[in-house]
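First up is the structure itself, then whatever we jot down about it.
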Amino acid sequence: MRNTRFAIVAASAVMLLLGARFAAAQELSPEAAEELKPQVEAGARLLSDMSEEAQAYRRKELAKTVNPVMDPVPRKLKKQLYDQLSTISGMSMRQLFNFMTAKKKVAEGVEFDDVVEAMEIKANEVNFKKVGHNQFWKDVGAITGEPALRVEILQFCDATVGRRMLDFSPEFAIFIPCRISVVEQPDGSIWLMTLDWDVSWLAMAWRQGSSLPEDLKQDAIRVRDAMTEIMEAGANAEW
């Protein structure tokens with residue numbers, strides 16, 4: 001009985017908070033306030049499809065927490081930085097790509113289709129949604145007319161973490177969704193490759209304009225760990 005009373009009180013508190021946020025907003029009409037309430041049962045909704053009043057209010061609220069897009073870096077400055085990086089590191093272009101990549105070799109005897117299936121199953125276990133599957137080799141074969149080495153790119157996403165990272169830096173959009181490429185080599189071996197999510201960049205958090213909320217830091221680490229688990233499952237066909 002005590003648990004039931006607690007649940008009722010908690011539910012009432014949530015409704016009061018929602019009411020304070022949406023319905024009690026004096027500058028909003030009741031219709032606009034209703035539009036802005038969370039409606040999970042309605043499925044995905046676009047802000048741009050709402051009434052002008054609801055849009056204006058929500059955009060104003062979002063502007064308080066979502067950082068704006070930064071001005072683009074001039075190409076001349078980018079070249080200077082690239083040249084400095086190349087001089088300091090001594091890395092070739094291939095070595096730089098390799099530096100940015102996390103990879104795993106698939107165990108001998110594991111078939112390509114088993115790799116893909118194992119990763120799909122593991123992604124579901126770690127609450128990552130598969131949002132894309134590009135069978136790149138088919139495009140190559142269709143254009144060249146020659147038998148192609150098999151290359152497929154799977155895309156996974158933790159939508160809530162991705163959205164929060166975009167709020168911090170809209171430029172993070174170039175990294176989502178998370179991608180894992182399954183690449184067949186001429187010798188028949190299969191490799192898994194993804195952007196290296198070692199999250200070393202979190203060490204920059206002390207710099208001005210770099211501070212992340214602690215829970216978002218932990219989410220970034222969790223994404224890194226989840227991607228590693230997915231690749232390990234695929235490399236060994238574990239399910």
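By convention here, the chains of the structure tokens are called A, B, ... in the order presented, each chain's residues are numbered starting at 1, and ligands are numbered starting at 1 in the order presented.
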Find the spatial neighbours of Arg179 (chain A), counting only C-alpha atoms, within a cut-off of 7 Å - ignore same-chain residues fewer than 6 positions away - and output them as a compact mmCIF listing (two decimals) with C-alpha atoms, in the first residue's frame.
# COMPACT_ATOMS: atom_id res chain seq x y z
CA ILE A 153 29.10 -0.29 -43.58
CA LEU A 154 26.75 -0.68 -40.62
CA GLN A 155 25.45 2.37 -38.79
CA PHE A 156 24.44 2.36 -35.13
CA THR A 194 35.52 2.32 -36.95
List every residue of region 78-195 of chain A that has an atom at most 10 Å from any atom of region 223-230 of chain A, giving for each one its closest atom pair and the distance in Å to one decimal, counting only C-alpha atoms, sorted by chain and then by ascending residue number, as JSON lines.
{"residue": "A:Ala102", "atom": "CA", "partner": "A:Thr228", "partner_atom": "CA", "distance": 8.8}
{"residue": "A:Lys103", "atom": "CA", "partner": "A:Thr228", "partner_atom": "CA", "distance": 9.4}
{"residue": "A:Lys104", "atom": "CA", "partner": "A:Thr228", "partner_atom": "CA", "distance": 9.4}
{"residue": "A:Val115", "atom": "CA", "partner": "A:Ile230", "partner_atom": "CA", "distance": 9.9}
{"residue": "A:Val116", "atom": "CA", "partner": "A:Ile230", "partner_atom": "CA", "distance": 9.9}
{"residue": "A:Ala118", "atom": "CA", "partner": "A:Ile230", "partner_atom": "CA", "distance": 7.9}
{"residue": "A:Met119", "atom": "CA", "partner": "A:Ile230", "partner_atom": "CA", "distance": 5.1}
{"residue": "A:Glu120", "atom": "CA", "partner": "A:Ile230", "partner_atom": "CA", "distance": 7.9}
{"residue": "A:Ile121", "atom": "CA", "partner": "A:Ile230", "partner_atom": "CA", "distance": 8.5}
{"residue": "A:Lys122", "atom": "CA", "partner": "A:Ile230", "partner_atom": "CA", "distance": 5.5}
{"residue": "A:Ala123", "atom": "CA", "partner": "A:Ile230", "partner_atom": "CA", "distance": 5.9}
{"residue": "A:Asn124", "atom": "CA", "partner": "A:Ile230", "partner_atom": "CA", "distance": 9.4}
{"residue": "A:Glu125", "atom": "CA", "partner": "A:Ile230", "partner_atom": "CA", "distance": 9.3}
{"residue": "A:Val126", "atom": "CA", "partner": "A:Ala226", "partner_atom": "CA", "distance": 6.3}
{"residue": "A:Asn127", "atom": "CA", "partner": "A:Ala226", "partner_atom": "CA", "distance": 8.7}
{"residue": "A:Phe128", "atom": "CA", "partner": "A:Ala226", "partner_atom": "CA", "distance": 8.0}
{"residue": "A:Phe156", "atom": "CA", "partner": "A:Met227", "partner_atom": "CA", "distance": 8.8}
{"residue": "A:Cys157", "atom": "CA", "partner": "A:Val223", "partner_atom": "CA", "distance": 9.1}
{"residue": "A:Asp158", "atom": "CA", "partner": "A:Val223", "partner_atom": "CA", "distance": 7.8}
{"residue": "A:Val161", "atom": "CA", "partner": "A:Val223", "partner_atom": "CA", "distance": 8.4}
{"residue": "A:Gly162", "atom": "CA", "partner": "A:Val223", "partner_atom": "CA", "distance": 9.7}
{"residue": "A:Cys178", "atom": "CA", "partner": "A:Met227", "partner_atom": "CA", "distance": 8.1}
{"residue": "A:Arg179", "atom": "CA", "partner": "A:Met227", "partner_atom": "CA", "distance": 9.0}
{"residue": "A:Ile180", "atom": "CA", "partner": "A:Met227", "partner_atom": "CA", "distance": 8.4}
{"residue": "A:Thr194", "atom": "CA", "partner": "A:Met227", "partner_atom": "CA", "distance": 8.4}
{"residue": "A:Leu195", "atom": "CA", "partner": "A:Met227", "partner_atom": "CA", "distance": 9.7}
Which is closer to Pro213 (chain A) than all the others in A:Val131, A:Met165, A:Ala32, A:Val110, using only C-alpha atoms? A:Met165
Please identify which residues in region 5-120 of chain A DSSP calls strand (DSSP E or B) from the backbone, and express them as a VMD selection string. chain A and resid 101 to 105
Write the residues you've just listed into a file as a short mmCIF file (atom, residue, chain, number, x, y, z; two decimals), in the first residue's frame, and include N, CA and C atoms for each of them.
data_model
loop_
_atom_site.label_atom_id
_atom_site.label_comp_id
_atom_site.auth_asym_id
_atom_site.auth_seq_id
_atom_site.Cartn_x
_atom_site.Cartn_y
_atom_site.Cartn_z
N THR A 101 41.84 5.26 -36.62
CA THR A 101 40.99 4.08 -36.78
C THR A 101 41.18 3.08 -35.65
N ALA A 102 40.06 2.52 -35.16
CA ALA A 102 40.08 1.35 -34.28
C ALA A 102 39.69 0.16 -35.15
N LYS A 103 40.43 -0.95 -35.04
CA LYS A 103 40.16 -2.07 -35.95
C LYS A 103 40.34 -3.40 -35.24
N LYS A 104 39.67 -4.40 -35.78
CA LYS A 104 39.80 -5.77 -35.28
C LYS A 104 39.78 -6.72 -36.47
N LYS A 105 40.65 -7.70 -36.42
CA LYS A 105 40.65 -8.72 -37.46
C LYS A 105 39.67 -9.82 -37.06
#
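Counting from CA of Lys138 (chain A), the distance to CA of Trp197 (chain A) is 28.4 Å.
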Which of these, A:Ile190, A:Lys37, A:Asp71, A:Glu31, has the shortest distance to Glu52 (chain A) once you count only C-alpha atoms? A:Glu31
Using CA of Asp167 (chain A) and CA of Pro74 (chain A) as the two end points, give the distance in Å to one decimal. 23.5 Å
Select from region 28-188 of chain A everything DSSP, run on the backbone, classes as helix (DSSP H, G or I), then give the selection as a ChimeraX atom specification. /A:30-36,40-42,47-49,52-62,75-89,93-99,112-125,136-144,159-168,170-175
